[in-house]
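File shown here: input.cif, holding mmCIF, C-alpha atoms and all ligand atoms.
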```
data_work
#
loop_
_atom_site.label_atom_id
_atom_site.label_comp_id
_atom_site.auth_asym_id
_atom_site.auth_seq_id
_atom_site.Cartn_x
_atom_site.Cartn_y
_atom_site.Cartn_z
CA MET A 19 -9.56 -5.62 33.44
CA GLN A 20 -11.50 -5.52 36.71
CA TRP A 21 -9.19 -5.22 39.73
CA GLY A 22 -10.39 -7.29 42.68
CA LYS A 23 -10.62 -10.73 41.21
CA GLN A 24 -7.37 -12.60 40.91
CA VAL A 25 -6.27 -12.75 37.27
CA ILE A 26 -3.59 -15.27 36.42
CA THR A 27 -2.38 -16.13 32.93
CA THR A 28 0.11 -18.90 32.21
CA GLU A 29 1.62 -19.68 28.81
CA SER A 30 4.58 -21.80 27.80
CA ALA A 31 6.83 -22.63 24.84
CA PRO A 32 9.01 -25.69 24.18
CA GLY A 33 12.72 -26.09 23.68
CA LYS A 34 13.90 -27.12 20.24
CA VAL A 35 16.52 -29.09 18.36
CA ILE A 36 17.88 -28.45 14.90
CA LEU A 37 17.82 -31.70 12.94
CA CYS A 38 19.99 -30.34 10.13
CA GLY A 39 21.21 -27.11 8.57
CA GLU A 40 22.45 -25.09 11.57
CA HIS A 41 24.98 -22.34 10.72
CA ALA A 42 24.37 -22.72 6.96
CA VAL A 43 20.85 -21.40 7.67
CA VAL A 44 22.41 -18.06 8.69
CA TYR A 45 23.73 -17.82 5.09
CA GLY A 46 20.40 -18.54 3.40
CA GLN A 47 20.42 -22.33 3.26
CA PRO A 48 17.39 -24.36 4.44
CA ALA A 49 17.28 -26.10 7.82
CA ILE A 50 14.91 -28.43 9.68
CA ALA A 51 14.02 -27.88 13.34
CA LEU A 52 11.85 -29.86 15.75
CA PRO A 53 10.14 -28.80 18.96
CA LEU A 54 11.30 -30.45 22.17
CA PRO A 55 8.05 -30.60 24.14
CA SER A 56 9.52 -32.31 27.21
CA VAL A 57 11.37 -29.16 28.29
CA ARG A 58 9.50 -25.88 28.38
CA ALA A 59 9.76 -22.24 29.41
CA THR A 60 6.76 -20.79 31.23
CA ALA A 61 5.55 -17.25 31.86
CA ARG A 62 2.94 -16.68 34.55
CA ILE A 63 1.31 -13.29 34.94
CA ASP A 64 -0.51 -12.27 38.11
CA ALA A 65 -2.44 -9.02 38.03
CA ALA A 66 -1.00 -6.56 40.60
CA THR A 67 -2.46 -3.55 42.38
CA PRO A 68 -2.63 -0.42 40.21
CA GLY A 69 0.62 1.54 40.33
CA THR A 70 2.80 -1.51 40.95
CA GLY A 71 4.17 -1.54 37.42
CA ILE A 72 5.79 -4.71 36.13
CA VAL A 73 7.87 -6.85 38.46
CA VAL A 74 9.69 -9.72 36.81
CA ASP A 75 10.85 -12.70 38.78
CA ALA A 76 13.15 -15.27 37.17
CA PRO A 77 14.11 -17.61 40.02
CA ASP A 78 15.95 -20.10 37.77
CA VAL A 79 18.55 -17.43 37.01
CA GLY A 80 18.26 -15.75 40.43
CA GLU A 81 16.89 -12.49 39.02
CA ARG A 82 14.10 -10.22 40.22
CA TRP A 83 13.65 -6.72 38.97
CA GLN A 84 11.26 -3.88 38.37
CA LEU A 85 10.75 -3.50 34.67
CA THR A 86 9.98 -0.35 32.77
CA VAL A 87 9.58 -0.58 29.03
CA ASP A 88 12.22 2.09 28.40
CA GLN A 89 14.96 -0.11 29.81
CA THR A 90 17.44 -1.78 27.49
CA HIS A 91 17.02 -5.19 29.09
CA PRO A 92 16.17 -7.79 26.40
CA LEU A 93 12.84 -8.57 28.06
CA ALA A 94 11.97 -4.87 28.30
CA THR A 95 12.60 -4.59 24.57
CA LEU A 96 10.38 -7.60 23.93
CA LEU A 97 7.62 -6.19 26.15
CA ARG A 98 7.81 -2.82 24.38
CA LEU A 99 7.48 -4.52 20.99
CA THR A 100 4.61 -6.67 22.27
CA PHE A 101 2.67 -3.70 23.71
CA ALA A 102 3.15 -1.84 20.42
CA ALA A 103 1.86 -4.84 18.44
CA LEU A 104 -1.18 -5.00 20.72
CA ASN A 105 -1.73 -1.20 20.56
CA ARG A 106 -1.43 -1.12 24.34
CA THR A 107 -0.70 2.35 25.64
CA ALA A 108 -1.86 2.15 29.29
CA PRO A 109 0.71 0.90 31.83
CA LEU A 110 0.45 -2.71 32.94
CA ASP A 111 0.47 -3.63 36.62
CA ALA A 112 1.61 -7.20 36.85
CA HIS A 113 3.91 -9.66 38.47
CA ILE A 114 5.56 -11.81 35.81
CA SER A 115 7.20 -15.05 36.83
CA LEU A 116 9.49 -16.73 34.31
CA ARG A 117 10.52 -20.35 34.75
CA SER A 118 12.45 -22.58 32.40
CA ALA A 119 13.49 -26.23 32.36
CA ILE A 120 15.48 -25.63 29.15
CA PRO A 121 19.25 -25.57 29.78
CA ILE A 122 20.71 -22.22 28.71
CA ALA A 123 23.40 -21.79 26.01
CA SER A 124 23.11 -25.45 25.03
CA GLY A 125 21.52 -25.28 21.58
CA MET A 126 17.98 -25.90 22.84
CA GLY A 127 16.54 -22.47 22.16
CA SER A 128 16.11 -21.42 25.79
CA GLY A 129 16.11 -17.67 25.10
CA ALA A 130 13.62 -17.90 22.25
CA ALA A 131 11.31 -20.16 24.28
CA LEU A 132 11.32 -17.77 27.23
CA GLY A 133 10.56 -14.89 24.87
CA ALA A 134 7.73 -16.79 23.17
CA ALA A 135 6.20 -17.75 26.53
CA LEU A 136 6.36 -14.12 27.65
CA VAL A 137 4.76 -12.72 24.49
CA LYS A 138 1.99 -15.35 24.55
CA ALA A 139 1.28 -14.73 28.24
CA VAL A 140 1.17 -10.92 27.90
CA ALA A 141 -1.07 -11.13 24.84
CA ALA A 142 -3.44 -13.63 26.48
CA HIS A 143 -3.44 -11.60 29.72
CA LEU A 144 -4.55 -8.53 27.78
CA GLY A 145 -7.30 -10.54 26.10
CA THR A 146 -5.75 -10.61 22.61
CA PRO A 147 -3.96 -13.95 22.07
CA LEU A 148 -1.51 -13.78 19.17
CA PRO A 149 -1.06 -16.39 16.41
CA PRO A 150 2.32 -18.20 16.16
CA ALA A 151 3.49 -16.03 13.25
CA ASP A 152 3.11 -12.84 15.34
CA VAL A 153 4.70 -14.38 18.44
CA SER A 154 7.62 -15.55 16.30
CA ARG A 155 8.10 -12.15 14.64
CA LEU A 156 8.15 -10.31 17.97
CA VAL A 157 10.69 -12.69 19.50
CA TYR A 158 12.82 -12.38 16.37
CA GLU A 159 12.71 -8.57 16.49
CA SER A 160 13.92 -8.54 20.08
CA GLU A 161 16.62 -11.20 19.45
CA ARG A 162 18.01 -9.12 16.59
CA PHE A 163 18.89 -6.36 19.05
CA PHE A 164 21.03 -8.64 21.14
CA HIS A 165 22.34 -11.45 18.92
CA GLY A 166 23.32 -9.70 15.72
CA THR A 167 22.25 -11.96 12.88
CA PRO A 168 20.01 -14.78 14.10
CA SER A 169 18.48 -16.70 11.21
CA GLY A 170 15.09 -16.77 12.94
CA ILE A 171 14.82 -20.55 13.12
CA ASP A 172 14.72 -20.71 16.94
CA ASN A 173 11.86 -18.23 17.42
CA THR A 174 9.96 -19.91 14.56
CA VAL A 175 10.06 -23.49 15.81
CA VAL A 176 9.31 -22.62 19.45
CA SER A 177 6.37 -20.41 18.39
CA TYR A 178 4.83 -22.91 15.93
CA GLU A 179 5.64 -25.99 18.06
CA GLN A 180 5.83 -28.12 14.91
CA ALA A 181 8.57 -29.74 12.85
CA ILE A 182 9.50 -27.07 10.31
CA TRP A 183 11.44 -26.49 7.13
CA PHE A 184 12.95 -23.02 7.41
CA VAL A 185 14.73 -20.60 5.10
CA ARG A 186 15.56 -17.21 6.56
CA GLY A 187 14.00 -14.04 5.25
CA ASP A 188 15.97 -11.13 3.81
CA ALA A 189 15.15 -7.69 5.20
CA SER A 190 17.62 -6.00 2.83
CA MET A 191 15.46 -6.83 -0.20
CA THR A 192 12.77 -4.47 -1.51
CA PRO A 193 10.21 -5.48 -0.53
CA PRO A 194 11.70 -7.51 2.34
CA ARG A 195 11.50 -11.24 1.70
CA PRO A 196 9.75 -13.07 4.53
CA PRO A 197 11.15 -16.35 5.87
CA THR A 198 9.96 -19.61 4.31
CA ILE A 199 8.23 -21.74 6.94
CA GLU A 200 6.77 -25.09 5.88
CA LEU A 201 5.53 -28.04 7.88
CA ILE A 202 7.41 -31.21 6.93
CA ASP A 203 6.07 -34.68 6.13
CA VAL A 204 7.31 -37.53 8.27
CA GLY A 205 6.66 -40.94 6.68
CA GLN A 206 7.86 -43.01 9.61
CA PRO A 207 7.84 -41.99 13.29
CA PHE A 208 11.33 -41.76 14.78
CA ARG A 209 12.96 -41.10 18.09
CA LEU A 210 15.93 -38.87 18.89
CA VAL A 211 18.13 -39.22 21.94
CA ILE A 212 19.75 -35.93 22.93
CA GLY A 213 22.97 -35.82 24.90
CA ASP A 214 24.42 -32.72 26.54
CA THR A 215 28.18 -32.12 26.80
CA GLY A 216 27.54 -29.76 29.71
CA VAL A 217 29.86 -27.26 27.99
CA ARG A 218 28.10 -23.90 27.66
CA ALA A 219 28.76 -22.32 24.27
CA PRO A 220 26.78 -19.14 23.58
CA THR A 221 25.45 -19.17 20.03
CA HIS A 222 26.62 -15.65 19.18
CA LEU A 223 30.23 -16.74 19.82
CA THR A 224 30.08 -19.82 17.58
CA VAL A 225 28.18 -17.87 14.90
CA GLY A 226 30.76 -15.05 15.18
CA GLY A 227 33.61 -17.55 14.83
CA VAL A 228 32.09 -19.00 11.65
CA ARG A 229 31.62 -15.47 10.27
CA GLU A 230 35.31 -14.63 10.86
CA ARG A 231 36.53 -17.86 9.28
CA ARG A 232 34.23 -17.35 6.29
CA GLN A 233 35.62 -13.83 5.79
CA ARG A 234 39.10 -15.33 5.52
CA ASP A 235 38.03 -18.09 3.10
CA PRO A 236 34.60 -17.32 1.58
CA ARG A 237 34.86 -19.84 -1.29
CA ARG A 238 35.51 -22.79 0.98
CA TYR A 239 32.83 -21.79 3.50
CA ASP A 240 30.16 -21.00 0.93
CA SER A 241 30.75 -24.37 -0.69
CA LEU A 242 30.39 -26.08 2.73
CA PHE A 243 27.17 -24.14 3.37
CA ARG A 244 25.81 -25.19 -0.03
CA ALA A 245 26.65 -28.84 0.74
CA ILE A 246 24.75 -28.54 4.05
CA GLY A 247 21.80 -26.97 2.22
CA ALA A 248 21.75 -29.81 -0.34
CA LEU A 249 21.80 -32.28 2.54
CA ALA A 250 18.79 -30.55 4.12
CA HIS A 251 16.83 -31.21 0.90
CA THR A 252 17.94 -34.87 0.98
CA ILE A 253 16.97 -35.18 4.65
CA ARG A 254 13.55 -33.71 3.97
CA SER A 255 12.95 -36.34 1.25
CA LEU A 256 14.22 -39.14 3.50
CA LEU A 257 11.90 -38.00 6.30
CA ALA A 258 8.94 -38.07 3.93
CA ALA A 259 9.95 -41.52 2.63
CA GLY A 260 10.49 -42.82 6.17
CA ASP A 261 13.95 -44.18 5.25
CA LEU A 262 15.55 -44.08 8.70
CA PRO A 263 18.86 -45.84 7.87
CA ALA A 264 19.51 -43.36 5.05
CA LEU A 265 18.41 -40.51 7.32
CA GLY A 266 21.01 -41.63 9.88
CA ALA A 267 23.74 -41.65 7.22
CA ALA A 268 22.73 -38.14 6.12
CA LEU A 269 22.92 -36.90 9.72
CA ASN A 270 26.43 -38.35 9.96
CA ARG A 271 27.38 -36.50 6.76
CA ASN A 272 25.95 -33.26 8.20
CA GLN A 273 28.20 -33.76 11.25
CA GLU A 274 31.28 -34.06 8.98
CA LEU A 275 30.37 -30.76 7.33
CA LEU A 276 29.80 -29.08 10.70
CA ALA A 277 33.20 -30.30 11.88
CA ALA A 278 34.69 -28.86 8.67
CA ILE A 279 33.30 -25.41 9.47
CA GLY A 280 34.88 -25.67 12.91
CA VAL A 281 31.90 -25.91 15.26
CA SER A 282 32.36 -29.41 16.66
CA SER A 283 34.39 -30.07 19.83
CA PRO A 284 36.16 -33.04 21.49
CA GLU A 285 33.26 -33.42 23.94
CA LEU A 286 30.71 -33.48 21.12
CA GLU A 287 32.80 -35.94 19.09
CA ARG A 288 33.04 -38.25 22.10
CA LEU A 289 29.26 -38.36 22.57
CA ILE A 290 28.62 -38.72 18.83
CA SER A 291 31.07 -41.66 18.54
CA ALA A 292 29.58 -43.34 21.62
CA ALA A 293 26.05 -43.07 20.25
CA ARG A 294 27.04 -44.52 16.87
CA ALA A 295 28.97 -47.37 18.52
CA ALA A 296 25.85 -48.16 20.59
CA GLY A 297 23.75 -48.63 17.47
CA ALA A 298 22.41 -45.13 16.71
CA LEU A 299 21.53 -44.89 13.01
CA GLY A 300 23.28 -41.51 12.89
CA ALA A 301 24.44 -38.72 15.21
CA LYS A 302 25.45 -35.08 14.97
CA LEU A 303 25.80 -31.94 17.03
CA SER A 304 22.70 -29.75 17.14
CA GLY A 305 22.49 -25.96 17.36
CA GLY A 306 25.45 -23.64 17.67
CA GLY A 307 27.98 -26.36 18.60
CA GLY A 308 31.31 -25.75 20.32
CA GLY A 309 29.67 -27.59 23.23
CA GLY A 310 25.99 -27.84 23.99
CA ILE A 311 24.02 -30.77 22.67
CA MET A 312 24.16 -33.58 20.12
CA LEU A 313 21.37 -35.78 18.84
CA ALA A 314 21.29 -39.44 17.87
CA LEU A 315 18.72 -41.24 15.73
CA ALA A 316 17.64 -44.21 17.84
CA PRO A 317 17.67 -47.66 16.20
CA ALA A 318 14.48 -49.71 15.83
CA SER A 319 15.58 -51.79 18.84
CA GLY A 320 15.02 -48.74 21.05
CA ALA A 321 16.85 -45.88 22.69
CA ALA A 322 18.07 -47.53 25.91
CA THR A 323 21.51 -48.66 24.71
CA VAL A 324 22.21 -45.28 23.11
CA THR A 325 21.11 -43.50 26.28
CA GLN A 326 23.40 -45.62 28.44
CA ALA A 327 26.34 -45.16 26.07
CA LEU A 328 25.88 -41.38 26.14
CA LEU A 329 25.78 -41.35 29.94
CA ASP A 330 28.91 -43.54 30.06
CA ALA A 331 30.63 -41.12 27.67
CA GLY A 332 29.95 -38.17 29.98
CA SER A 333 26.62 -36.70 28.89
CA VAL A 334 25.37 -34.54 31.77
CA ARG A 335 21.72 -35.09 30.83
CA ILE A 336 19.62 -37.05 28.38
CA LEU A 337 16.46 -35.85 26.68
CA GLU A 338 14.37 -37.73 24.19
CA THR A 339 11.86 -36.69 21.64
CA SER A 340 9.57 -38.78 19.46
CA VAL A 341 8.58 -37.34 16.11
CA PRO A 342 5.20 -38.70 14.97
CA SER A 343 4.34 -39.38 11.33
O1 LIG B 1 20.42 -21.37 19.37
P1 LIG B 1 21.21 -22.49 18.84
O2 LIG B 1 22.50 -22.73 19.55
O3 LIG B 1 20.41 -23.71 18.60
O4 LIG B 1 21.73 -22.07 17.37
C1 LIG B 1 20.86 -21.63 16.42
C2 LIG B 1 21.27 -22.10 15.09
C3 LIG B 1 22.35 -21.34 14.36
O5 LIG B 1 22.18 -21.72 12.99
C4 LIG B 1 23.74 -21.76 14.81
C5 LIG B 1 22.23 -19.84 14.51
C6 LIG B 1 21.02 -19.25 13.81
O6 LIG B 1 20.75 -18.05 14.04
O7 LIG B 1 20.35 -19.93 13.03
#
```

File written out as structure tokens:
Amino acid sequence: MQWGKQVITTESAPGKVILCGEHAVVYGQPAIALPLPSVRATARIDAATPGTGIVVDAPDVGERWQLTVDQTHPLATLLRLTFAALNRTAPLDAHISLRSAIPIASGMGSGAALGAALVKAVAAHLGTPLPPADVSRLVYESERFFHGTPSGIDNTVVSYEQAIWFVRGDASMTPPRPPTIELIDVGQPFRLVIGDTGVRAPTHLTVGGVRERRQRDPRRYDSLFRAIGALAHTIRSLLAAGDLPALGAALNRNQELLAAIGVSSPELERLISAARAAGALGAKLSGGGGGGIMLALAPASGAATVTQALLDAGSVRILETSVPS
């Protein structure tokens, strides 16, 4: 790259919601996730004078630091993996600015989106843009260091930016089994209203809690996970058929199963009940649970009454997403 002209690269990745299958997906069951294009994480890279190294600025979390790839910081790990994938050996002199409108620890995939934006920006900045599968794999590799056993659904949906059917891979198999990633058919466009309890619940804590409870009662939990997996198949068929009332009922059933594995909360239940009472065709928590967000399937009459009911019931923010057919 020629120093002297200003080189700026900006890339972004969306938030996400899990329509069905969260938690069970960690245990090999299928899940469906959708991108949330209205909230995004962005990475901007400005070329810096030689010798500067990498300075990362993340004003939304009040952080600014000098990054070297041998650090253990999650982003340093991700950069190291990205440089290795790009066969980059020379040091990079750059100022990296990370911004995100995705609420953290709320089930919207903020960490994965920030990672995907960073990988895409670095790759594009170095003149070798990466396809979604590579971006996703790199973000997954780095998340594994810090979150134990992520299923990989978050990095996948934010990298592909499409509604996906996802079954986790299995690295312990020989040869390792890659994840199943399929685009899903949507027979009838639909709209989701997303409410936020405002309660921060880091995913690794809710996932860890489920793991502990499963260790105490594996038969019960594995049967609940299988029921959630069966429901994911039903929901996929209902999406393809465009049967929104039946889809709503299936989302409600998924919520019952999530409550049974212990990841709902009084705040989530309040928002879910309010949405249903306001005419939502179905409602459930989305993501790790314990707090964070819920989603409601808007009725044909529109989303306004559901939105108002969620605000009245204490939702700290409302997001919406329309899923086209
Ligand atoms: O990042 P969250 O809170 O949307 O949760 C991801 C979904 C889980 O199934 C709970 C965890 C995982 O790794 O799939």

Between CA of Ile212 in chain A and CA of Leu337 in chain A, distance in Å (one decimal):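 Computing it gives 5.0 Å between the two atoms.
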
A:Val334, A:Ala292, A:Val35, A:Ala316 ranked by distance to Asp172 in chain A, top pick (using all atoms listed in the file):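 Going through A:Val334, A:Ala292, A:Val35, A:Ala316 one by one, the smallest distance to Asp172 in chain A is for A:Val35.
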
Closest of A:Pro121, A:Pro220, A:Gly300, A:Gly320 to ligand LIG 1 (chain B) - atom-to-atom distances counting all atoms listed in the file: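 Under the stated criterion, the closest residue is A:Pro220.
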
Sorted per-residue table, chain A near ligand LIG 1 (chain B), closest atoms and distance, 9 Å, only C-alpha atoms and all ligand atoms, as a tab-separated table:
```
residue	atom	partner	partner_atom	distance
A:Lys34	CA	B:LIG1	O3	7.5
A:Val35	CA	B:LIG1	O3	6.6
A:Ile36	CA	B:LIG1	O3	6.5
A:Gly39	CA	B:LIG1	O5	7.0
A:Glu40	CA	B:LIG1	O5	3.7
A:His41	CA	B:LIG1	O5	3.7
A:Ala42	CA	B:LIG1	O5	6.5
A:Val43	CA	B:LIG1	O5	5.5
A:Val44	CA	B:LIG1	O7	5.2
A:Tyr45	CA	B:LIG1	O7	8.9
A:Ala49	CA	B:LIG1	O5	8.4
A:Ala123	CA	B:LIG1	O2	6.6
A:Ser124	CA	B:LIG1	O2	6.1
A:Gly125	CA	B:LIG1	O2	3.4
A:Met126	CA	B:LIG1	O3	5.4
A:Gly127	CA	B:LIG1	O1	4.9
A:Ser128	CA	B:LIG1	O1	7.7
A:Gly129	CA	B:LIG1	O1	8.1
A:Ala130	CA	B:LIG1	O1	8.2
A:His165	CA	B:LIG1	O6	8.4
A:Gly166	CA	B:LIG1	O6	8.9
A:Thr167	CA	B:LIG1	O6	6.4
A:Pro168	CA	B:LIG1	O6	3.4
A:Ser169	CA	B:LIG1	O6	3.9
A:Gly170	CA	B:LIG1	O6	5.9
A:Ile171	CA	B:LIG1	O7	5.6
A:Asp172	CA	B:LIG1	C1	6.2
A:Arg186	CA	B:LIG1	O7	8.5
A:Ala219	CA	B:LIG1	O2	7.9
A:Pro220	CA	B:LIG1	O2	6.9
A:Thr221	CA	B:LIG1	O2	4.6
A:His222	CA	B:LIG1	C5	7.7
A:Thr224	CA	B:LIG1	C4	7.2
A:Val225	CA	B:LIG1	C4	5.9
A:Ser304	CA	B:LIG1	O3	6.6
A:Gly305	CA	B:LIG1	O3	3.3
A:Gly306	CA	B:LIG1	O2	3.6
A:Gly307	CA	B:LIG1	O2	6.6
A:Gly310	CA	B:LIG1	O2	7.6
A:Ile311	CA	B:LIG1	O2	8.8
```

Non-local contacts of Ala296 in chain A (12 Å; all atoms listed in the file; under 2 positions in same chain excluded) as a PyMOL selection string: chain A and resi 211+289-294+298-301+314-317+319-331

Can you spit out the residues from that selection as a PDB file, keeping the file's coordinate frame, using C-alpha atoms?
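The resulting file, result.pdb, is reproduced below:
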```
ATOM      1  CA  VAL A 211      18.130 -39.220  21.940  1.00  0.00           C
ATOM      2  CA  LEU A 289      29.260 -38.360  22.570  1.00  0.00           C
ATOM      3  CA  ILE A 290      28.620 -38.720  18.830  1.00  0.00           C
ATOM      4  CA  SER A 291      31.070 -41.660  18.540  1.00  0.00           C
ATOM      5  CA  ALA A 292      29.580 -43.340  21.620  1.00  0.00           C
ATOM      6  CA  ALA A 293      26.050 -43.070  20.250  1.00  0.00           C
ATOM      7  CA  ARG A 294      27.040 -44.520  16.870  1.00  0.00           C
ATOM      8  CA  ALA A 298      22.410 -45.130  16.710  1.00  0.00           C
ATOM      9  CA  LEU A 299      21.530 -44.890  13.010  1.00  0.00           C
ATOM     10  CA  GLY A 300      23.280 -41.510  12.890  1.00  0.00           C
ATOM     11  CA  ALA A 301      24.440 -38.720  15.210  1.00  0.00           C
ATOM     12  CA  ALA A 314      21.290 -39.440  17.870  1.00  0.00           C
ATOM     13  CA  LEU A 315      18.720 -41.240  15.730  1.00  0.00           C
ATOM     14  CA  ALA A 316      17.640 -44.210  17.840  1.00  0.00           C
ATOM     15  CA  PRO A 317      17.670 -47.660  16.200  1.00  0.00           C
ATOM     16  CA  SER A 319      15.580 -51.790  18.840  1.00  0.00           C
ATOM     17  CA  GLY A 320      15.020 -48.740  21.050  1.00  0.00           C
ATOM     18  CA  ALA A 321      16.850 -45.880  22.690  1.00  0.00           C
ATOM     19  CA  ALA A 322      18.070 -47.530  25.910  1.00  0.00           C
ATOM     20  CA  THR A 323      21.510 -48.660  24.710  1.00  0.00           C
ATOM     21  CA  VAL A 324      22.210 -45.280  23.110  1.00  0.00           C
ATOM     22  CA  THR A 325      21.110 -43.500  26.280  1.00  0.00           C
ATOM     23  CA  GLN A 326      23.400 -45.620  28.440  1.00  0.00           C
ATOM     24  CA  ALA A 327      26.340 -45.160  26.070  1.00  0.00           C
ATOM     25  CA  LEU A 328      25.880 -41.380  26.140  1.00  0.00           C
ATOM     26  CA  LEU A 329      25.780 -41.350  29.940  1.00  0.00           C
ATOM     27  CA  ASP A 330      28.910 -43.540  30.060  1.00  0.00           C
ATOM     28  CA  ALA A 331      30.630 -41.120  27.670  1.00  0.00           C
TER      29      ALA A 331
END
```

Test item: residues at most 7 Å from range 199-209 of chain A, all atoms listed in the file, excluding those fewer than 3 positions along its chain, as an mmCIF file with C-alpha atoms, keeping the file's coordinate frame:
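Generated file (part-v9.cif):
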```cif
data_model
loop_
_atom_site.group_PDB
_atom_site.id
_atom_site.type_symbol
_atom_site.label_atom_id
_atom_site.label_comp_id
_atom_site.auth_asym_id
_atom_site.auth_seq_id
_atom_site.Cartn_x
_atom_site.Cartn_y
_atom_site.Cartn_z
ATOM 1 C CA ALA A 181 8.570 -29.740 12.850
ATOM 2 C CA ILE A 182 9.500 -27.070 10.310
ATOM 3 C CA TRP A 183 11.440 -26.490 7.130
ATOM 4 C CA PHE A 184 12.950 -23.020 7.410
ATOM 5 C CA VAL A 185 14.730 -20.600 5.100
ATOM 6 C CA LEU A 257 11.900 -38.000 6.300
ATOM 7 C CA ALA A 258 8.940 -38.070 3.930
ATOM 8 C CA ALA A 259 9.950 -41.520 2.630
ATOM 9 C CA GLY A 260 10.490 -42.820 6.170
ATOM 10 C CA LEU A 315 18.720 -41.240 15.730
ATOM 11 C CA ALA A 316 17.640 -44.210 17.840
ATOM 12 C CA THR A 339 11.860 -36.690 21.640
ATOM 13 C CA SER A 340 9.570 -38.780 19.460
ATOM 14 C CA VAL A 341 8.580 -37.340 16.110
ATOM 15 C CA PRO A 342 5.200 -38.700 14.970
ATOM 16 C CA SER A 343 4.340 -39.380 11.330
#
```

Closest of A:Ala131, A:Leu275, A:Ala142, A:Ile246 to Tyr178 in chain A - atom-to-atom distances counting only C-alpha atoms: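 Counting only C-alpha atoms, the residue closest to Tyr178 in chain A is A:Ala131.
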
Nearest residue to Gly227 in chain A from the set A:Ala119, A:Leu256, A:Ile279, A:Leu156 (distances using all atoms listed in the file):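 Nearest to Gly227 in chain A: A:Ile279.
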
Shortest interatomic distance to Gln84 in chain A - which of A:Asn105, A:Ser154, A:Ser115, A:Asn270, counting only C-alpha atoms: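 Of the candidates, the smallest distance to Gln84 in chain A is held by A:Ser115.
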
For Pro53 in chain A, the nearest of the candidates A:Asp152, A:Glu285, A:Glu179, A:Glu274, counting only C-alpha atoms: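 Looking only at the distances to Pro53 in chain A, the closest residue turns out to be A:Glu179.
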
Atomic separation - CA of Ala61 in chain A relative to CA of Ala76 in chain A, Å: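 CA of Ala61 in chain A lies at a distance of 9.5 Å from CA of Ala76 in chain A.
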
Distance of CA of Pro48 in chain A from CA of Leu148 in chain A, expressed in Å to one decimal place: 26.2 Å

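Close to (1.3, -4.4, 19.0), meaning no more than 12 Å away when counting all atoms listed in the file, sit the residues Leu96, Leu97, Arg98, Leu99, Thr100, Phe101, Ala102, Ala103, Leu104, Asn105, Arg106, Thr107, Val137, Val140, Ala141, Leu144, Thr146, Pro147, Leu148, Asp152, Val153, Arg155 and Leu156 of chain A.
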
Produce a file of the selected residues containing C-alpha atoms, as an mmCIF file, keeping the file's coordinate frame.
```cif
data_model
loop_
_atom_site.group_PDB
_atom_site.id
_atom_site.type_symbol
_atom_site.label_atom_id
_atom_site.label_comp_id
_atom_site.auth_asym_id
_atom_site.auth_seq_id
_atom_site.Cartn_x
_atom_site.Cartn_y
_atom_site.Cartn_z
ATOM 1 C CA LEU A 96 10.380 -7.600 23.930
ATOM 2 C CA LEU A 97 7.620 -6.190 26.150
ATOM 3 C CA ARG A 98 7.810 -2.820 24.380
ATOM 4 C CA LEU A 99 7.480 -4.520 20.990
ATOM 5 C CA THR A 100 4.610 -6.670 22.270
ATOM 6 C CA PHE A 101 2.670 -3.700 23.710
ATOM 7 C CA ALA A 102 3.150 -1.840 20.420
ATOM 8 C CA ALA A 103 1.860 -4.840 18.440
ATOM 9 C CA LEU A 104 -1.180 -5.000 20.720
ATOM 10 C CA ASN A 105 -1.730 -1.200 20.560
ATOM 11 C CA ARG A 106 -1.430 -1.120 24.340
ATOM 12 C CA THR A 107 -0.700 2.350 25.640
ATOM 13 C CA VAL A 137 4.760 -12.720 24.490
ATOM 14 C CA VAL A 140 1.170 -10.920 27.900
ATOM 15 C CA ALA A 141 -1.070 -11.130 24.840
ATOM 16 C CA LEU A 144 -4.550 -8.530 27.780
ATOM 17 C CA THR A 146 -5.750 -10.610 22.610
ATOM 18 C CA PRO A 147 -3.960 -13.950 22.070
ATOM 19 C CA LEU A 148 -1.510 -13.780 19.170
ATOM 20 C CA ASP A 152 3.110 -12.840 15.340
ATOM 21 C CA VAL A 153 4.700 -14.380 18.440
ATOM 22 C CA ARG A 155 8.100 -12.150 14.640
ATOM 23 C CA LEU A 156 8.150 -10.310 17.970
#
```

Residue contacts of Pro32 in chain A (9 Å, only C-alpha atoms) excluding same-chain residues fewer than 2 positions away, as a ChimeraX atom specification: /A:30,34,53-60,120,127-128,131-132,135,175-177,179

Who sits within 9 Å of Ser283 in chain A, all atoms listed in the file, same chain under 6 positions skipped, as a ChimeraX atom specification: /A:277,307-309

Step by step: locate range 202-207 of chain A in the block above, keep N, CA and C atoms, then write the file as a short mmCIF file (atom, residue, chain, number, x, y, z; two decimals), in the first residue's frame.
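Wrote it out as out.cif, contents follow:
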```cif
data_model
loop_
_atom_site.label_atom_id
_atom_site.label_comp_id
_atom_site.auth_asym_id
_atom_site.auth_seq_id
_atom_site.Cartn_x
_atom_site.Cartn_y
_atom_site.Cartn_z
N ILE A 202 -33.02 -20.51 4.32
CA ILE A 202 -34.37 -21.06 4.50
C ILE A 202 -35.36 -20.37 3.57
N ASP A 203 -36.41 -21.12 3.19
CA ASP A 203 -37.50 -20.57 2.37
C ASP A 203 -38.51 -19.88 3.26
N VAL A 204 -38.94 -18.73 2.83
CA VAL A 204 -39.99 -18.00 3.57
C VAL A 204 -41.15 -17.77 2.59
N GLY A 205 -42.28 -18.45 2.85
CA GLY A 205 -43.41 -18.41 1.90
C GLY A 205 -44.24 -17.15 2.02
N GLN A 206 -44.14 -16.49 3.15
CA GLN A 206 -44.98 -15.31 3.42
C GLN A 206 -44.13 -14.33 4.22
N PRO A 207 -43.98 -13.08 3.75
CA PRO A 207 -43.16 -12.14 4.53
C PRO A 207 -43.76 -11.96 5.93
#
```
